[in-house]
Amino acid sequence: MDKHALIILDLQNCFINRQTKLLPKKIKQHIEKKKYDFIIFSKFINSERTSFVKKLNWNKCNLSPETDIVSELFDISLKNHIFEKNTYSIFKSIGFVDFLNQNKVSKLYFCGLDLDACILASAFEAFDLGFDFEILYDLSDSSANTDINDSAKKIIHRNLHW
């Protein structure tokens with residue numbers, strides 16, 4: 001029996017801005033209409049040990065309320081699965097791949113933030129590890145700008161879709 005998982009990447013207060021503010025509501029409406037065997041949230045937690053701090057000098061998203069899942073999806077996240085990460089890819093989260101394998105998840109559906117960073121990195125890793133996946137572009141965005149978002153789609157299409 002095929003099992004599908006919706007992977008919601010980094011829908012946290014830190015990444016919500018003018019560009020992304022409507023995304024949580026869209027994802028919530030999608031969850032209410034579509035049935036998945038598993039709903040999985042990634043939660044990015046930055047710290048002084050990460051390359052984000054050491055190499056990029058980016059010190060945000062290390063404490064609540066920045067690290068909190070957005071209010072529109074908070075209750076849903078508590079009823080499902082949350083994997084913390086301090087990297088771009090959710091596949092680096094402790095226990096994530098084991099969870100997928102143990103539950104025989106056959107297809108992943110990625111959405112959330114940022115298409116040009118965490119979704120892109122997770123898609124590359126899903127590809128490398130042999131997982132079947134799809135990116136839900138209408139439920140994904142970049143907190144940067146539309147040009148970055150469009151460029152990410154081109155990179156994904158060139159490298160992961162034939």
# chains A, B, ... in the order shown; residues from 1 in each chain; ligands from 1
$ residues_around --residues "A:Ser71" --least-positions-apart "2" --cutoff "12 Å" --atoms "only C-alpha atoms" --output "PyMOL selection string"
chain A and resi 11-13+16+21+24-25+28+65-69+73-78
$ residues_around --residues "A:Thr87" --least-positions-apart "6" --cutoff "10 Å" --atoms "only C-alpha atoms" --output "list in words"
Phe44, Ile45, Asn46, Thr50, Ser51, Phe52, Ser93, Ala117, Cys118 and Ala121 of chain A
$ closest_atom_pairs --of "stretch 77-119 of chain A" --to "stretch 128-148 of chain A" --cutoff "9 Å" --atoms "only C-alpha atoms" --output "CSV"
residue,atom,partner,partner_atom,distance
A:Val105,CA,A:Phe131,CA,8.9
A:Ser106,CA,A:Asp132,CA,6.6
A:Lys107,CA,A:Asp132,CA,4.9
A:Leu108,CA,A:Phe133,CA,4.5
A:Tyr109,CA,A:Glu134,CA,4.9
A:Phe110,CA,A:Ile135,CA,4.7
A:Cys111,CA,A:Ser140,CA,4.9
A:Gly112,CA,A:Ser140,CA,4.6
A:Leu113,CA,A:Asp141,CA,5.6
A:Asp114,CA,A:Ser142,CA,4.4
A:Leu115,CA,A:Ser142,CA,5.3
A:Asp116,CA,A:Ser142,CA,6.4
A:Ala117,CA,A:Ser142,CA,8.2
A:Ile119,CA,A:Ile135,CA,8.1
$ write_last_selection --atoms "N, CA, C and O atoms" --output "mmCIF file, in the first residue's frame"
data_model
loop_
_atom_site.group_PDB
_atom_site.id
_atom_site.type_symbol
_atom_site.label_atom_id
_atom_site.label_comp_id
_atom_site.auth_asym_id
_atom_site.auth_seq_id
_atom_site.Cartn_x
_atom_site.Cartn_y
_atom_site.Cartn_z
ATOM 1 N N VAL A 105 7.004 5.009 3.653
ATOM 2 C CA VAL A 105 6.495 6.152 2.890
ATOM 3 C C VAL A 105 7.036 6.044 1.464
ATOM 4 O O VAL A 105 8.243 5.962 1.256
ATOM 5 N N SER A 106 6.143 6.031 0.494
ATOM 6 C CA SER A 106 6.547 5.826 -0.896
ATOM 7 C C SER A 106 6.648 7.113 -1.698
ATOM 8 O O SER A 106 7.319 7.142 -2.727
ATOM 9 N N LYS A 107 5.986 8.174 -1.241
ATOM 10 C CA LYS A 107 6.054 9.432 -1.984
ATOM 11 C C LYS A 107 6.019 10.607 -1.024
ATOM 12 O O LYS A 107 5.244 10.629 -0.068
ATOM 13 N N LEU A 108 6.869 11.597 -1.323
ATOM 14 C CA LEU A 108 6.962 12.815 -0.536
ATOM 15 C C LEU A 108 6.427 13.990 -1.342
ATOM 16 O O LEU A 108 6.692 14.083 -2.545
ATOM 17 N N TYR A 109 5.706 14.872 -0.678
ATOM 18 C CA TYR A 109 5.210 16.100 -1.288
ATOM 19 C C TYR A 109 5.785 17.262 -0.487
ATOM 20 O O TYR A 109 5.430 17.447 0.679
ATOM 21 N N PHE A 110 6.685 18.027 -1.099
ATOM 22 C CA PHE A 110 7.334 19.143 -0.422
ATOM 23 C C PHE A 110 6.579 20.442 -0.647
ATOM 24 O O PHE A 110 6.134 20.737 -1.757
ATOM 25 N N CYS A 111 6.490 21.245 0.416
ATOM 26 C CA CYS A 111 5.958 22.598 0.311
ATOM 27 C C CYS A 111 6.537 23.437 1.447
ATOM 28 O O CYS A 111 7.196 22.913 2.339
ATOM 29 N N GLY A 112 6.299 24.735 1.397
ATOM 30 C CA GLY A 112 6.749 25.612 2.468
ATOM 31 C C GLY A 112 7.788 26.606 2.005
ATOM 32 O O GLY A 112 7.695 27.169 0.919
ATOM 33 N N LEU A 113 8.825 26.772 2.844
ATOM 34 C CA LEU A 113 9.846 27.794 2.624
ATOM 35 C C LEU A 113 11.241 27.208 2.804
ATOM 36 O O LEU A 113 11.415 26.283 3.568
ATOM 37 N N ASP A 114 12.158 27.731 2.201
ATOM 38 C CA ASP A 114 12.252 28.564 1.031
ATOM 39 C C ASP A 114 12.526 27.669 -0.174
ATOM 40 O O ASP A 114 13.383 26.788 -0.099
ATOM 41 N N LEU A 115 11.849 27.946 -1.269
ATOM 42 C CA LEU A 115 12.014 27.139 -2.474
ATOM 43 C C LEU A 115 13.459 27.142 -2.942
ATOM 44 O O LEU A 115 13.981 26.126 -3.387
ATOM 45 N N ASP A 116 14.139 28.261 -2.804
ATOM 46 C CA ASP A 116 15.522 28.402 -3.275
ATOM 47 C C ASP A 116 16.552 27.866 -2.286
ATOM 48 O O ASP A 116 17.746 27.857 -2.578
ATOM 49 N N ALA A 117 16.130 27.404 -1.132
ATOM 50 C CA ALA A 117 17.088 26.954 -0.115
ATOM 51 C C ALA A 117 16.679 25.574 0.411
ATOM 52 O O ALA A 117 17.127 24.552 -0.098
ATOM 53 N N ILE A 119 13.794 23.798 0.444
ATOM 54 C CA ILE A 119 13.062 22.898 -0.444
ATOM 55 C C ILE A 119 14.005 22.372 -1.525
ATOM 56 O O ILE A 119 14.017 21.166 -1.816
#
$ residues_around --residues "A:Glu125" --least-positions-apart "6" --cutoff "9 Å" --atoms "only C-alpha atoms" --output "PDB file with N, CA, C and O atoms, in the first residue's frame"
ATOM      1  N   SER A  89      18.584  20.949   4.461  1.00  0.00           N
ATOM      2  CA  SER A  89      17.789  19.770   4.118  1.00  0.00           C
ATOM      3  C   SER A  89      17.170  19.101   5.335  1.00  0.00           C
ATOM      4  O   SER A  89      17.842  18.870   6.345  1.00  0.00           O
ATOM      5  N   ILE A  90      15.919  18.717   5.205  1.00  0.00           N
ATOM      6  CA  ILE A  90      15.246  17.959   6.272  1.00  0.00           C
ATOM      7  C   ILE A  90      15.848  16.568   6.410  1.00  0.00           C
ATOM      8  O   ILE A  90      15.761  15.942   7.458  1.00  0.00           O
ATOM      9  N   PHE A  91      16.492  16.083   5.372  1.00  0.00           N
ATOM     10  CA  PHE A  91      17.081  14.744   5.432  1.00  0.00           C
ATOM     11  C   PHE A  91      18.228  14.646   6.435  1.00  0.00           C
ATOM     12  O   PHE A  91      18.624  13.553   6.819  1.00  0.00           O
ATOM     13  N   PHE A 131      14.125   8.638  -3.327  1.00  0.00           N
ATOM     14  CA  PHE A 131      12.724   8.820  -2.947  1.00  0.00           C
ATOM     15  C   PHE A 131      11.933   9.412  -4.103  1.00  0.00           C
ATOM     16  O   PHE A 131      12.431  10.270  -4.839  1.00  0.00           O
TER      17      PHE A 131
END
$ select_by_dssp --residues "chain A" --states "strand (DSSP E or B)" --output "number ranges by chain"
A: 3-9, 12, 38-44, 69, 81-85, 105-113, 132-141
$ closest_residue --among "A:Ile155, A:Ile40, A:Leu56, A:Ile27" --to "A:Glu84" --atoms "only C-alpha atoms"
A:Ile40
$ closest_residue --among "A:Asp37, A:Asp2, A:Glu48, A:Glu72" --to "A:Leu23" --atoms "only C-alpha atoms"
A:Glu72
$ residues_around --residues "A:Arg158" --least-positions-apart "6" --cutoff "12 Å" --atoms "only C-alpha atoms" --output "list in words"
Phe124, Ser151 and Ala152 of chain A
$ write_last_selection --atoms "C-alpha atoms" --output "mmCIF file, in the first residue's frame"
data_model
loop_
_atom_site.group_PDB
_atom_site.id
_atom_site.type_symbol
_atom_site.label_atom_id
_atom_site.label_comp_id
_atom_site.auth_asym_id
_atom_site.auth_seq_id
_atom_site.Cartn_x
_atom_site.Cartn_y
_atom_site.Cartn_z
ATOM 1 C CA PHE A 124 18.197 17.172 -4.230
ATOM 2 C CA SER A 151 15.253 30.903 -10.579
ATOM 3 C CA ALA A 152 14.824 28.075 -8.059
#
$ select_by_dssp --residues "stretch 5-157 of chain A" --states "helix (DSSP H, G or I)" --output "MDAnalysis selection string"
chainID A and resid 13:15 23:33 51:54 71:78 90:92 96:102 115:129 146:157
$ residues_around --residues "A:Phe38" --least-positions-apart "2" --cutoff "9 Å" --atoms "only C-alpha atoms" --output "JSON list (two decimals) with N, CA and C atoms, in the first residue's frame"
[["chain", "number", "residue", "atom", "x", "y", "z"],
["A", 3, "LYS", "N", 2.10, 4.87, 0.73],
["A", 3, "LYS", "CA", 1.90, 5.87, 1.78],
["A", 3, "LYS", "C", 2.56, 7.16, 1.34],
["A", 4, "HIS", "N", 1.84, 8.24, 1.54],
["A", 4, "HIS", "CA", 2.31, 9.56, 1.11],
["A", 4, "HIS", "C", 2.48, 10.48, 2.31],
["A", 5, "ALA", "N", 3.50, 11.34, 2.21],
["A", 5, "ALA", "CA", 3.76, 12.30, 3.29],
["A", 5, "ALA", "C", 3.86, 13.71, 2.73],
["A", 6, "LEU", "N", 3.14, 14.61, 3.35],
["A", 6, "LEU", "CA", 3.28, 16.03, 3.06],
["A", 6, "LEU", "C", 4.38, 16.56, 3.96],
["A", 7, "ILE", "N", 5.43, 17.13, 3.36],
["A", 7, "ILE", "CA", 6.55, 17.68, 4.11],
["A", 7, "ILE", "C", 6.45, 19.20, 4.04],
["A", 35, "LYS", "N", -5.95, 14.40, 1.72],
["A", 35, "LYS", "CA", -5.58, 13.44, 2.75],
["A", 35, "LYS", "C", -4.18, 12.89, 2.50],
["A", 36, "TYR", "N", -3.35, 12.94, 3.52],
["A", 36, "TYR", "CA", -2.00, 12.35, 3.49],
["A", 36, "TYR", "C", -1.90, 11.35, 4.63],
["A", 40, "ILE", "N", 4.35, 16.08, 7.95],
["A", 40, "ILE", "CA", 5.63, 16.26, 8.63],
["A", 40, "ILE", "C", 6.06, 17.72, 8.51],
["A", 80, "ASN", "N", 0.94, 16.14, 14.59],
["A", 80, "ASN", "CA", 1.65, 15.38, 13.57],
["A", 80, "ASN", "C", 3.12, 15.22, 13.97],
["A", 81, "HIS", "N", 4.01, 15.28, 13.01],
["A", 81, "HIS", "CA", 5.42, 15.00, 13.26],
["A", 81, "HIS", "C", 6.24, 16.26, 12.97],
["A", 105, "VAL", "N", 7.00, 5.01, 3.65],
["A", 105, "VAL", "CA", 6.50, 6.15, 2.89],
["A", 105, "VAL", "C", 7.04, 6.04, 1.46]]
$ atom_distance --atom1 "atom CA of A:Ser47" --atom2 "atom CA of A:Asn62"
5.9 Å
$ closest_residue --among "A:Asn103, A:Trp58, A:Cys14, A:Ser64" --to "A:Met1" --atoms "only C-alpha atoms"
A:Asn103
$ atom_distance --atom1 "atom CA of A:Lys54" --atom2 "atom CA of A:Phe41"
25.6 Å
